[in-house]
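A.B. asks: Data: run.cif, mmCIF, C-alpha atoms and all ligand atoms.
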```cif
data_query
#
loop_
_atom_site.label_atom_id
_atom_site.label_comp_id
_atom_site.auth_asym_id
_atom_site.auth_seq_id
_atom_site.Cartn_x
_atom_site.Cartn_y
_atom_site.Cartn_z
CA MET C 1007 -28.48 -72.47 55.93
CA PHE C 1008 -26.95 -69.01 55.83
CA TYR C 1009 -25.47 -67.69 52.61
CA PHE C 1010 -24.75 -64.34 51.04
CA VAL C 1011 -26.95 -63.69 48.02
CA LYS C 1012 -24.78 -60.71 47.10
CA THR C 1013 -21.12 -61.38 47.78
CA PRO C 1014 -19.78 -58.86 50.33
CA LYS C 1015 -16.92 -56.71 49.05
CA LEU C 1016 -14.79 -57.96 51.98
CA LEU C 1017 -14.62 -61.39 50.34
CA HIS C 1018 -13.30 -59.81 47.17
CA VAL C 1019 -10.42 -58.45 49.24
CA LEU C 1020 -9.76 -61.72 51.11
CA TYR C 1021 -9.79 -63.70 47.89
CA GLU C 1022 -7.85 -61.31 45.73
CA HIS C 1023 -6.68 -64.14 43.47
CA ALA C 1024 -10.19 -64.61 42.10
CA VAL C 1025 -12.51 -62.78 39.73
CA TRP C 1026 -15.83 -61.77 41.35
CA PHE C 1027 -17.43 -59.85 38.50
CA LEU C 1028 -16.48 -58.86 34.98
CA PRO C 1029 -16.79 -55.09 34.56
CA ASN C 1030 -17.96 -53.91 31.13
CA THR C 1031 -19.89 -51.08 29.55
CA ASP C 1032 -22.24 -53.19 27.40
CA ASN C 1033 -24.78 -54.34 30.05
CA LYS C 1034 -23.20 -57.80 29.92
CA ILE C 1035 -23.88 -60.35 32.64
CA TYR C 1036 -22.61 -63.89 33.10
CA LEU C 1037 -24.80 -66.84 33.92
CA THR C 1038 -22.88 -69.84 35.30
CA PHE C 1039 -23.92 -73.40 36.14
CA ASP C 1040 -21.97 -75.60 38.54
CA ASP C 1041 -21.62 -79.37 39.05
CA GLY C 1042 -22.89 -80.94 35.82
CA PRO C 1043 -23.28 -82.35 33.34
CA VAL C 1044 -26.00 -84.71 34.58
CA SER C 1045 -28.41 -86.59 32.35
CA ASP C 1046 -31.82 -85.49 33.56
CA ILE C 1047 -30.98 -81.83 34.25
CA THR C 1048 -28.32 -80.40 31.92
CA PRO C 1049 -30.09 -81.17 28.59
CA ARG C 1050 -33.21 -79.37 29.83
CA CYS C 1051 -31.10 -76.44 30.94
CA LEU C 1052 -29.53 -76.33 27.46
CA ASP C 1053 -33.01 -76.40 25.89
CA ILE C 1054 -34.03 -73.34 27.90
CA LEU C 1055 -30.82 -71.46 27.01
CA LYS C 1056 -31.35 -72.30 23.34
CA GLU C 1057 -34.96 -71.10 23.43
CA PHE C 1058 -33.85 -67.71 24.75
CA LYS C 1059 -30.64 -67.64 22.66
CA VAL C 1060 -28.60 -67.20 25.84
CA LYS C 1061 -24.97 -68.30 26.27
CA ALA C 1062 -23.65 -69.40 29.66
CA THR C 1063 -20.60 -70.91 31.34
CA PHE C 1064 -20.69 -74.44 32.78
CA PHE C 1065 -18.23 -75.30 35.56
CA CYS C 1066 -18.18 -79.06 35.08
CA VAL C 1067 -17.13 -81.85 37.42
CA GLY C 1068 -14.68 -84.16 35.63
CA GLU C 1069 -16.31 -87.42 36.70
CA ASN C 1070 -19.67 -86.16 35.40
CA VAL C 1071 -18.10 -85.31 32.05
CA VAL C 1072 -16.73 -88.87 31.84
CA LYS C 1073 -20.22 -90.25 32.56
CA ASN C 1074 -22.03 -87.86 30.21
CA ARG C 1075 -19.73 -87.13 27.30
CA GLU C 1076 -22.48 -86.42 24.77
CA ILE C 1077 -24.05 -83.81 27.02
CA TYR C 1078 -20.66 -82.21 27.58
CA GLN C 1079 -20.14 -82.11 23.82
CA ARG C 1080 -23.57 -80.53 23.39
CA ILE C 1081 -22.57 -77.73 25.80
CA ILE C 1082 -19.54 -76.99 23.61
CA ASP C 1083 -21.40 -77.39 20.30
CA GLU C 1084 -24.09 -74.92 21.37
CA GLY C 1085 -21.54 -72.19 22.01
CA HIS C 1086 -21.34 -72.18 25.79
CA ALA C 1087 -18.10 -71.92 27.73
CA VAL C 1088 -16.83 -74.57 30.13
CA GLY C 1089 -14.67 -74.41 33.23
CA ASN C 1090 -12.89 -76.82 35.55
CA HIS C 1091 -14.70 -77.60 38.83
CA SER C 1092 -12.28 -80.43 39.88
CA PHE C 1093 -12.61 -84.11 39.03
CA ASN C 1094 -14.48 -85.24 42.16
CA HIS C 1095 -15.91 -81.96 43.51
CA ILE C 1096 -13.44 -81.99 46.39
CA LYS C 1097 -13.15 -79.52 49.26
CA GLY C 1098 -9.93 -77.51 49.06
CA TRP C 1099 -9.78 -76.51 52.70
CA ASN C 1100 -9.40 -80.03 54.09
CA THR C 1101 -7.38 -81.47 51.23
CA SER C 1102 -3.60 -81.29 50.91
CA ASN C 1103 -2.39 -79.02 48.14
CA GLU C 1104 -0.84 -81.95 46.32
CA VAL C 1105 -4.07 -83.97 46.22
CA TYR C 1106 -6.13 -80.89 45.37
CA PHE C 1107 -3.96 -79.88 42.41
CA GLU C 1108 -3.87 -83.48 41.18
CA ASN C 1109 -7.66 -83.65 41.18
CA ILE C 1110 -7.86 -80.44 39.17
CA THR C 1111 -5.25 -81.68 36.71
CA GLN C 1112 -7.21 -84.92 36.34
CA CYS C 1113 -10.27 -82.81 35.50
CA LYS C 1114 -8.25 -80.85 32.93
CA GLU C 1115 -7.71 -84.09 30.98
CA HIS C 1116 -11.44 -84.00 30.20
CA ILE C 1117 -12.23 -80.28 30.22
CA ASP C 1118 -10.21 -78.00 28.00
CA SER C 1119 -10.44 -74.68 29.80
CA ASN C 1120 -8.33 -72.18 31.68
CA LEU C 1121 -11.30 -71.23 33.85
CA PHE C 1122 -11.57 -72.73 37.33
CA ARG C 1123 -14.12 -72.45 40.11
CA PRO C 1124 -13.36 -74.10 43.47
CA PRO C 1125 -16.08 -76.52 44.64
CA TYR C 1126 -18.07 -74.97 47.52
CA GLY C 1127 -16.57 -71.64 46.49
CA LYS C 1128 -13.72 -72.11 48.91
CA ALA C 1129 -10.09 -73.15 48.89
CA LYS C 1130 -6.97 -72.38 50.89
CA ARG C 1131 -5.25 -69.12 50.03
CA SER C 1132 -2.13 -71.07 49.10
CA GLN C 1133 -4.20 -73.18 46.69
CA MET C 1134 -5.82 -70.15 45.10
CA ALA C 1135 -2.48 -68.37 44.75
CA ASN C 1136 -0.99 -71.41 43.04
CA LEU C 1137 -3.95 -72.07 40.75
CA LYS C 1138 -3.95 -68.46 39.64
CA LYS C 1139 -0.75 -69.16 37.69
CA ASP C 1140 -2.59 -71.56 35.35
CA TYR C 1141 -6.25 -70.59 35.64
CA LYS C 1142 -8.56 -67.64 35.77
CA ILE C 1143 -10.44 -68.33 39.01
CA ILE C 1144 -14.07 -67.32 38.53
CA MET C 1145 -16.17 -66.76 41.64
CA TRP C 1146 -19.47 -64.82 41.57
CA ASP C 1147 -21.28 -61.86 43.01
CA VAL C 1148 -24.85 -63.23 42.80
CA LEU C 1149 -25.77 -66.54 44.43
CA SER C 1150 -29.23 -67.69 43.39
CA GLY C 1151 -29.75 -69.90 46.45
CA ASP C 1152 -31.17 -72.70 44.27
CA PHE C 1153 -29.15 -75.18 46.39
CA ASP C 1154 -30.98 -74.29 49.62
CA PRO C 1155 -34.13 -76.39 50.21
CA ARG C 1156 -35.58 -73.59 52.34
CA THR C 1157 -35.29 -70.98 49.58
CA SER C 1158 -38.52 -70.87 47.57
CA THR C 1159 -38.56 -70.58 43.78
CA THR C 1160 -39.98 -67.05 44.15
CA LYS C 1161 -37.05 -66.14 46.39
CA VAL C 1162 -34.50 -67.67 44.00
CA ILE C 1163 -35.90 -65.50 41.20
CA GLU C 1164 -35.87 -62.43 43.43
CA ASN C 1165 -32.31 -63.13 44.64
CA VAL C 1166 -31.01 -63.06 41.09
CA VAL C 1167 -33.15 -60.35 39.53
CA LYS C 1168 -32.71 -57.83 42.37
CA ASN C 1169 -28.97 -58.30 42.78
CA THR C 1170 -27.76 -58.56 39.21
CA GLU C 1171 -25.96 -55.53 37.81
CA THR C 1172 -23.73 -55.01 34.76
CA GLY C 1173 -20.75 -57.38 35.10
CA SER C 1174 -22.49 -59.72 37.53
CA ILE C 1175 -21.56 -63.39 37.62
CA ILE C 1176 -24.62 -65.43 38.64
CA VAL C 1177 -24.41 -68.96 40.07
CA MET C 1178 -26.98 -71.70 39.55
CA HIS C 1179 -26.57 -75.49 39.71
CA ASP C 1180 -27.23 -78.20 37.13
CA ASN C 1181 -26.93 -81.08 39.59
CA GLU C 1182 -29.38 -83.75 40.78
CA LYS C 1183 -29.92 -82.13 44.15
CA CYS C 1184 -31.24 -78.75 43.15
CA GLY C 1185 -31.46 -78.90 39.37
CA HIS C 1186 -35.24 -79.01 39.42
CA LYS C 1187 -35.44 -75.70 41.23
CA MET C 1188 -32.96 -74.25 38.74
CA LEU C 1189 -35.02 -75.50 35.77
CA GLU C 1190 -38.21 -74.05 37.23
CA THR C 1191 -36.73 -70.62 37.88
CA LEU C 1192 -34.33 -70.22 34.94
CA PRO C 1193 -36.86 -69.16 32.24
CA VAL C 1194 -38.37 -66.50 34.51
CA ILE C 1195 -34.93 -65.23 35.54
CA ILE C 1196 -33.77 -64.96 31.93
CA GLU C 1197 -36.96 -63.18 30.85
CA LYS C 1198 -36.74 -60.65 33.66
CA LEU C 1199 -33.06 -59.95 33.08
CA ILE C 1200 -33.63 -59.47 29.34
CA GLU C 1201 -36.48 -57.07 30.20
CA LYS C 1202 -34.00 -55.09 32.30
CA GLY C 1203 -31.78 -54.71 29.23
CA PHE C 1204 -29.00 -57.10 30.13
CA GLU C 1205 -27.11 -59.21 27.61
CA PHE C 1206 -25.72 -62.63 28.44
CA ASP C 1207 -22.15 -63.51 27.66
CA VAL C 1208 -19.74 -66.33 28.52
CA CYS C 1209 -16.83 -66.01 30.94
CA ARG C 1210 -13.47 -65.96 29.22
ZN ZN K 1301 -19.98 -77.25 42.95
#
```
Starting from the file, lay out its structure as structure tokens.

C.D. replies:
Amino acid sequence: MFYFVKTPKLLHVLYEHAVWFLPNTDNKIYLTFDDGPVSDITPRCLDILKEFKVKATFFCVGENVVKNREIYQRIIDEGHAVGNHSFNHIKGWNTSNEVYFENITQCKEHIDSNLFRPPYGKAKRSQMANLKKDYKIIMWDVLSGDFDPRTSTTKVIENVVKNTETGSIIVMHDNEKCGHKMLETLPVIIEKLIEKGFEFDVCR
């Protein structure tokens, strides 16, 4: 599977309705987790973040929040930020605008946030333009590659550590499919980024 580890600037131009990084002068970076909360992955992710005293942003899927309310509450209680990632993790580009917006609104009933990230990182321009009125659309500039079975744990670590700069928004996944790779690499990634002098903050 082909994917950009570092988002090309061209995409920033094509998707001008979205935020791709959060410029700052304090060495701040933004760790984000998509697709949870799920029972055997998210709590272990939270344990790691707690151990390193790191705050992150979780783009949650509404139906997973309904299934795992206590874990969702733990995310909030431990000081992390949450964002809307639709109710059923639907694809914007082959869904009518009406159905797409409805699914996001359904998610909003369970996730109190004005942050949104489109599932699969894609949506129609008309959808993005419309959502921008109610949400801050948070994309990323560093894709860990934890979702790709052919990307080794060493490579996931390298992808993140080499490409992160001040303001970077990093994507990892707390889902069943690739959560184990995320859990294995996360402590090393955090350690190396702290060594480089970065500070973790939540998207807002
Ligand atoms: Zn997703």

A.B. asks: Please determine the residues with any atom at most 12 Å from (-34.9, -72.1, 24.0) (coordinates as given in the file, with only C-alpha atoms counting) and report them as an MDAnalysis selection string.

C.D. replies: chainID C and resid 1049:1061 1084 1192:1193 1196:1197

A.B. asks: Skipping near chain neighbours, those fewer than 6 positions away, what residues fall within 10 Å of Val1088 in chain C using all atoms listed in the file, listed as a compact mmCIF listing (two decimals) with C-alpha atoms, keeping the file's coordinate frame?

C.D. replies:
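Listing of selection.txt after writing:
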```txt
# COMPACT_ATOMS: atom_id res chain seq x y z
CA THR C 1038 -22.88 -69.84 35.30
CA PHE C 1039 -23.92 -73.40 36.14
CA ASP C 1040 -21.97 -75.60 38.54
CA ALA C 1062 -23.65 -69.40 29.66
CA THR C 1063 -20.60 -70.91 31.34
CA PHE C 1064 -20.69 -74.44 32.78
CA PHE C 1065 -18.23 -75.30 35.56
CA CYS C 1066 -18.18 -79.06 35.08
CA TYR C 1078 -20.66 -82.21 27.58
CA ILE C 1081 -22.57 -77.73 25.80
CA ILE C 1082 -19.54 -76.99 23.61
CA ILE C 1117 -12.23 -80.28 30.22
CA ASP C 1118 -10.21 -78.00 28.00
CA SER C 1119 -10.44 -74.68 29.80
CA ASN C 1120 -8.33 -72.18 31.68
CA LEU C 1121 -11.30 -71.23 33.85
CA PHE C 1122 -11.57 -72.73 37.33
CA VAL C 1208 -19.74 -66.33 28.52
CA CYS C 1209 -16.83 -66.01 30.94
CA ARG C 1210 -13.47 -65.96 29.22
```

A.B. asks: Go through C:Trp1099, C:Phe1204, C:Phe1153, C:Tyr1021 and flag the residue nearest ligand ZN 1301 (chain K), using only C-alpha atoms and all ligand atoms for the distances.

C.D. replies: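 Comparing C:Trp1099, C:Phe1204, C:Phe1153, C:Tyr1021 against ligand ZN 1301 (chain K), the winner is C:Phe1153.
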
A.B. asks: Within 12 Å of ligand ZN 1301 (chain K) (counting only C-alpha atoms and all ligand atoms), which residues show up? I'd like them as a PDB file with C-alpha atoms, in the frame of the given file.

C.D. replies:
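Generated file (pocket.pdb):
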```
ATOM      1  CA  THR C1038     -22.880 -69.840  35.300  1.00  0.00           C
ATOM      2  CA  PHE C1039     -23.920 -73.400  36.140  1.00  0.00           C
ATOM      3  CA  ASP C1040     -21.970 -75.600  38.540  1.00  0.00           C
ATOM      4  CA  ASP C1041     -21.620 -79.370  39.050  1.00  0.00           C
ATOM      5  CA  GLY C1042     -22.890 -80.940  35.820  1.00  0.00           C
ATOM      6  CA  PRO C1043     -23.280 -82.350  33.340  1.00  0.00           C
ATOM      7  CA  PHE C1064     -20.690 -74.440  32.780  1.00  0.00           C
ATOM      8  CA  PHE C1065     -18.230 -75.300  35.560  1.00  0.00           C
ATOM      9  CA  CYS C1066     -18.180 -79.060  35.080  1.00  0.00           C
ATOM     10  CA  VAL C1067     -17.130 -81.850  37.420  1.00  0.00           C
ATOM     11  CA  GLY C1068     -14.680 -84.160  35.630  1.00  0.00           C
ATOM     12  CA  ASN C1070     -19.670 -86.160  35.400  1.00  0.00           C
ATOM     13  CA  GLY C1089     -14.670 -74.410  33.230  1.00  0.00           C
ATOM     14  CA  ASN C1090     -12.890 -76.820  35.550  1.00  0.00           C
ATOM     15  CA  HIS C1091     -14.700 -77.600  38.830  1.00  0.00           C
ATOM     16  CA  SER C1092     -12.280 -80.430  39.880  1.00  0.00           C
ATOM     17  CA  PHE C1093     -12.610 -84.110  39.030  1.00  0.00           C
ATOM     18  CA  ASN C1094     -14.480 -85.240  42.160  1.00  0.00           C
ATOM     19  CA  HIS C1095     -15.910 -81.960  43.510  1.00  0.00           C
ATOM     20  CA  ILE C1096     -13.440 -81.990  46.390  1.00  0.00           C
ATOM     21  CA  LYS C1097     -13.150 -79.520  49.260  1.00  0.00           C
ATOM     22  CA  GLY C1098      -9.930 -77.510  49.060  1.00  0.00           C
ATOM     23  CA  PHE C1122     -11.570 -72.730  37.330  1.00  0.00           C
ATOM     24  CA  ARG C1123     -14.120 -72.450  40.110  1.00  0.00           C
ATOM     25  CA  PRO C1124     -13.360 -74.100  43.470  1.00  0.00           C
ATOM     26  CA  PRO C1125     -16.080 -76.520  44.640  1.00  0.00           C
ATOM     27  CA  TYR C1126     -18.070 -74.970  47.520  1.00  0.00           C
ATOM     28  CA  GLY C1127     -16.570 -71.640  46.490  1.00  0.00           C
ATOM     29  CA  LYS C1128     -13.720 -72.110  48.910  1.00  0.00           C
ATOM     30  CA  MET C1145     -16.170 -66.760  41.640  1.00  0.00           C
ATOM     31  CA  PHE C1153     -29.150 -75.180  46.390  1.00  0.00           C
ATOM     32  CA  VAL C1177     -24.410 -68.960  40.070  1.00  0.00           C
ATOM     33  CA  MET C1178     -26.980 -71.700  39.550  1.00  0.00           C
ATOM     34  CA  HIS C1179     -26.570 -75.490  39.710  1.00  0.00           C
ATOM     35  CA  ASP C1180     -27.230 -78.200  37.130  1.00  0.00           C
ATOM     36  CA  ASN C1181     -26.930 -81.080  39.590  1.00  0.00           C
ATOM     37  CA  GLU C1182     -29.380 -83.750  40.780  1.00  0.00           C
ATOM     38  CA  LYS C1183     -29.920 -82.130  44.150  1.00  0.00           C
ATOM     39  CA  CYS C1184     -31.240 -78.750  43.150  1.00  0.00           C
TER      40      CYS C1184
END
```

A.B. asks: Just to confirm, what's the straight-line distance from CA of Ile1176 in chain C to CA of Met1134 in chain C in Å (one decimal)?

C.D. replies: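 Interatomic distance here is 20.4 Å.
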
A.B. asks: What does the structure give for the distance between CA of Ser1150 in chain C and CA of Val1071 in chain C, in Å to one decimal?

C.D. replies: 23.7 Å

A.B. asks: Tell me which residues come within 10 Å of (-2.7, -64.4, 44.5), as a ChimeraX atom specification, counting all atoms listed in the file in the file's coordinates.

C.D. replies: /C:1021-1024,1131-1139

A.B. asks: Put the listed atoms of range 1028-1039 of chain C in a box along x, y and z with 5 Å added on every side and give me the centre and edge lengths in Å to one decimal, as AutoDock Vina command-line options.

C.D. replies:
```
--center_x -20.6 --center_y -62.2 --center_z 31.8 --size_x 18.3 --size_y 32.3 --size_z 18.7
```

A.B. asks: Can you pull out every residue within 12 Å of Pro1014 in chain C, counting only C-alpha atoms, but drop anything in the same chain fewer than 4 positions away, and send it as a list in words?

C.D. replies: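 Contacts, in chain order: Tyr1009, Phe1010, His1018, Val1019, Leu1020, Tyr1021, Trp1026, Trp1146, Asp1147, Val1148, Leu1149 and Asn1169 of chain C.
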
A.B. asks: Quick check, in Å to one decimal: how far apart do CA of Pro1029 in chain C and CA of Glu1164 in chain C lie?

C.D. replies: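 Here the two named atoms are 22.3 Å from each other.
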
A.B. asks: Measuring between all atoms listed in the file, which one of C:Leu1037, C:Ile1195, C:Ser1158, C:Thr1048 shows the shortest distance to Ala1087 in chain C?

C.D. replies: C:Leu1037

A.B. asks: Of the candidates C:Tyr1036, C:Phe1206, C:Tyr1141, C:Tyr1106, which shows the shortest atom-to-atom distance to Ala1129 in chain C, using only C-alpha atoms?

C.D. replies: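 Checking each candidate against Ala1129 in chain C, we get C:Tyr1106 as the closest.
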
A.B. asks: Using all atoms listed in the file, which residues sit within 12 Å of Pro1155 in chain C once same-chain residues fewer than 2 positions away are excluded, as an MDAnalysis selection string?

C.D. replies: chainID C and resid 1007:1008 1151:1153 1157:1159 1161:1162 1183:1188

A.B. asks: Taking the structure in the block just given, could you write range 1175-1206 of chain C with N, CA and C atoms, as a PDB file, in the first residue's frame?

C.D. replies:
```pdb
ATOM      1  N   ILE C1175       1.375  17.300  13.421  1.00  0.00           N
ATOM      2  CA  ILE C1175       0.245  16.508  13.886  1.00  0.00           C
ATOM      3  C   ILE C1175       0.511  15.077  13.411  1.00  0.00           C
ATOM      4  N   ILE C1176       0.660  14.168  14.385  1.00  0.00           N
ATOM      5  CA  ILE C1176       1.053  12.786  14.097  1.00  0.00           C
ATOM      6  C   ILE C1176      -0.174  11.883  14.201  1.00  0.00           C
ATOM      7  N   VAL C1177      -0.336  10.964  13.246  1.00  0.00           N
ATOM      8  CA  VAL C1177      -1.476  10.040  13.323  1.00  0.00           C
ATOM      9  C   VAL C1177      -1.045   8.624  13.656  1.00  0.00           C
ATOM     10  N   MET C1178      -1.721   8.059  14.683  1.00  0.00           N
ATOM     11  CA  MET C1178      -1.596   6.627  14.982  1.00  0.00           C
ATOM     12  C   MET C1178      -3.024   6.104  15.166  1.00  0.00           C
ATOM     13  N   HIS C1179      -3.184   4.815  15.348  1.00  0.00           N
ATOM     14  CA  HIS C1179      -4.532   4.228  15.409  1.00  0.00           C
ATOM     15  C   HIS C1179      -4.723   3.355  16.646  1.00  0.00           C
ATOM     16  N   ASP C1180      -5.797   3.636  17.397  1.00  0.00           N
ATOM     17  CA  ASP C1180      -6.128   2.730  18.510  1.00  0.00           C
ATOM     18  C   ASP C1180      -7.334   1.878  18.097  1.00  0.00           C
ATOM     19  N   ASN C1181      -7.143   1.106  17.040  1.00  0.00           N
ATOM     20  CA  ASN C1181      -8.199   0.168  16.616  1.00  0.00           C
ATOM     21  C   ASN C1181      -7.687  -1.266  16.699  1.00  0.00           C
ATOM     22  N   GLU C1182      -8.604  -2.215  16.490  1.00  0.00           N
ATOM     23  CA  GLU C1182      -8.256  -3.643  16.616  1.00  0.00           C
ATOM     24  C   GLU C1182      -7.198  -4.044  15.590  1.00  0.00           C
ATOM     25  N   LYS C1183      -7.325  -3.476  14.391  1.00  0.00           N
ATOM     26  CA  LYS C1183      -6.514  -3.933  13.268  1.00  0.00           C
ATOM     27  C   LYS C1183      -5.028  -3.643  13.454  1.00  0.00           C
ATOM     28  N   CYS C1184      -4.695  -2.450  13.877  1.00  0.00           N
ATOM     29  CA  CYS C1184      -3.267  -2.140  13.961  1.00  0.00           C
ATOM     30  C   CYS C1184      -2.857  -1.619  15.335  1.00  0.00           C
ATOM     31  N   GLY C1185      -3.764  -1.712  16.298  1.00  0.00           N
ATOM     32  CA  GLY C1185      -3.472  -1.205  17.632  1.00  0.00           C
ATOM     33  C   GLY C1185      -2.252  -1.835  18.276  1.00  0.00           C
ATOM     34  N   HIS C1186      -1.995  -3.102  17.959  1.00  0.00           N
ATOM     35  CA  HIS C1186      -0.855  -3.763  18.600  1.00  0.00           C
ATOM     36  C   HIS C1186       0.463  -3.163  18.139  1.00  0.00           C
ATOM     37  N   LYS C1187       0.508  -2.815  16.857  1.00  0.00           N
ATOM     38  CA  LYS C1187       1.723  -2.177  16.347  1.00  0.00           C
ATOM     39  C   LYS C1187       1.892  -0.783  16.976  1.00  0.00           C
ATOM     40  N   MET C1188       0.772  -0.099  17.150  1.00  0.00           N
ATOM     41  CA  MET C1188       0.810   1.222  17.787  1.00  0.00           C
ATOM     42  C   MET C1188       1.339   1.085  19.216  1.00  0.00           C
ATOM     43  N   LEU C1189       0.806   0.103  19.962  1.00  0.00           N
ATOM     44  CA  LEU C1189       1.209  -0.054  21.366  1.00  0.00           C
ATOM     45  C   LEU C1189       2.694  -0.405  21.490  1.00  0.00           C
ATOM     46  N   GLU C1190       3.186  -1.168  20.534  1.00  0.00           N
ATOM     47  CA  GLU C1190       4.588  -1.586  20.571  1.00  0.00           C
ATOM     48  C   GLU C1190       5.519  -0.413  20.273  1.00  0.00           C
ATOM     49  N   THR C1191       5.088   0.464  19.374  1.00  0.00           N
ATOM     50  CA  THR C1191       5.979   1.544  18.943  1.00  0.00           C
ATOM     51  C   THR C1191       5.824   2.829  19.765  1.00  0.00           C
ATOM     52  N   LEU C1192       4.648   3.026  20.346  1.00  0.00           N
ATOM     53  CA  LEU C1192       4.359   4.302  21.024  1.00  0.00           C
ATOM     54  C   LEU C1192       5.379   4.705  22.103  1.00  0.00           C
ATOM     55  N   PRO C1193       5.766   3.793  23.018  1.00  0.00           N
ATOM     56  CA  PRO C1193       6.721   4.226  24.059  1.00  0.00           C
ATOM     57  C   PRO C1193       8.052   4.690  23.475  1.00  0.00           C
ATOM     58  N   VAL C1194       8.526   4.002  22.447  1.00  0.00           N
ATOM     59  CA  VAL C1194       9.815   4.373  21.835  1.00  0.00           C
ATOM     60  C   VAL C1194       9.677   5.729  21.140  1.00  0.00           C
ATOM     61  N   ILE C1195       8.572   5.902  20.426  1.00  0.00           N
ATOM     62  CA  ILE C1195       8.322   7.165  19.720  1.00  0.00           C
ATOM     63  C   ILE C1195       8.287   8.327  20.711  1.00  0.00           C
ATOM     64  N   ILE C1196       7.555   8.150  21.800  1.00  0.00           N
ATOM     65  CA  ILE C1196       7.450   9.239  22.787  1.00  0.00           C
ATOM     66  C   ILE C1196       8.831   9.555  23.372  1.00  0.00           C
ATOM     67  N   GLU C1197       9.563   8.512  23.756  1.00  0.00           N
ATOM     68  CA  GLU C1197      10.895   8.727  24.336  1.00  0.00           C
ATOM     69  C   GLU C1197      11.792   9.511  23.396  1.00  0.00           C
ATOM     70  N   LYS C1198      11.800   9.096  22.130  1.00  0.00           N
ATOM     71  CA  LYS C1198      12.694   9.747  21.159  1.00  0.00           C
ATOM     72  C   LYS C1198      12.280  11.192  20.896  1.00  0.00           C
ATOM     73  N   LEU C1199      10.988  11.441  20.880  1.00  0.00           N
ATOM     74  CA  LEU C1199      10.526  12.810  20.613  1.00  0.00           C
ATOM     75  C   LEU C1199      10.789  13.720  21.820  1.00  0.00           C
ATOM     76  N   ILE C1200      10.686  13.151  23.018  1.00  0.00           N
ATOM     77  CA  ILE C1200      11.020  13.936  24.220  1.00  0.00           C
ATOM     78  C   ILE C1200      12.519  14.269  24.208  1.00  0.00           C
ATOM     79  N   GLU C1201      13.329  13.260  23.831  1.00  0.00           N
ATOM     80  CA  GLU C1201      14.790  13.460  23.726  1.00  0.00           C
ATOM     81  C   GLU C1201      15.112  14.605  22.772  1.00  0.00           C
ATOM     82  N   LYS C1202      14.307  14.728  21.703  1.00  0.00           N
ATOM     83  CA  LYS C1202      14.545  15.795  20.722  1.00  0.00           C
ATOM     84  C   LYS C1202      14.037  17.148  21.203  1.00  0.00           C
ATOM     85  N   GLY C1203      13.459  17.186  22.402  1.00  0.00           N
ATOM     86  CA  GLY C1203      13.040  18.466  22.986  1.00  0.00           C
ATOM     87  C   GLY C1203      11.614  18.878  22.682  1.00  0.00           C
ATOM     88  N   PHE C1204      10.838  17.973  22.119  1.00  0.00           N
ATOM     89  CA  PHE C1204       9.446  18.339  21.826  1.00  0.00           C
ATOM     90  C   PHE C1204       8.556  18.227  23.055  1.00  0.00           C
ATOM     91  N   GLU C1205       7.476  18.998  23.039  1.00  0.00           N
ATOM     92  CA  GLU C1205       6.458  18.907  24.095  1.00  0.00           C
ATOM     93  C   GLU C1205       5.140  18.549  23.458  1.00  0.00           C
ATOM     94  N   PHE C1206       4.406  17.642  24.116  1.00  0.00           N
ATOM     95  CA  PHE C1206       3.136  17.187  23.548  1.00  0.00           C
ATOM     96  C   PHE C1206       1.995  18.053  24.039  1.00  0.00           C
TER      97      PHE C1206
END
```
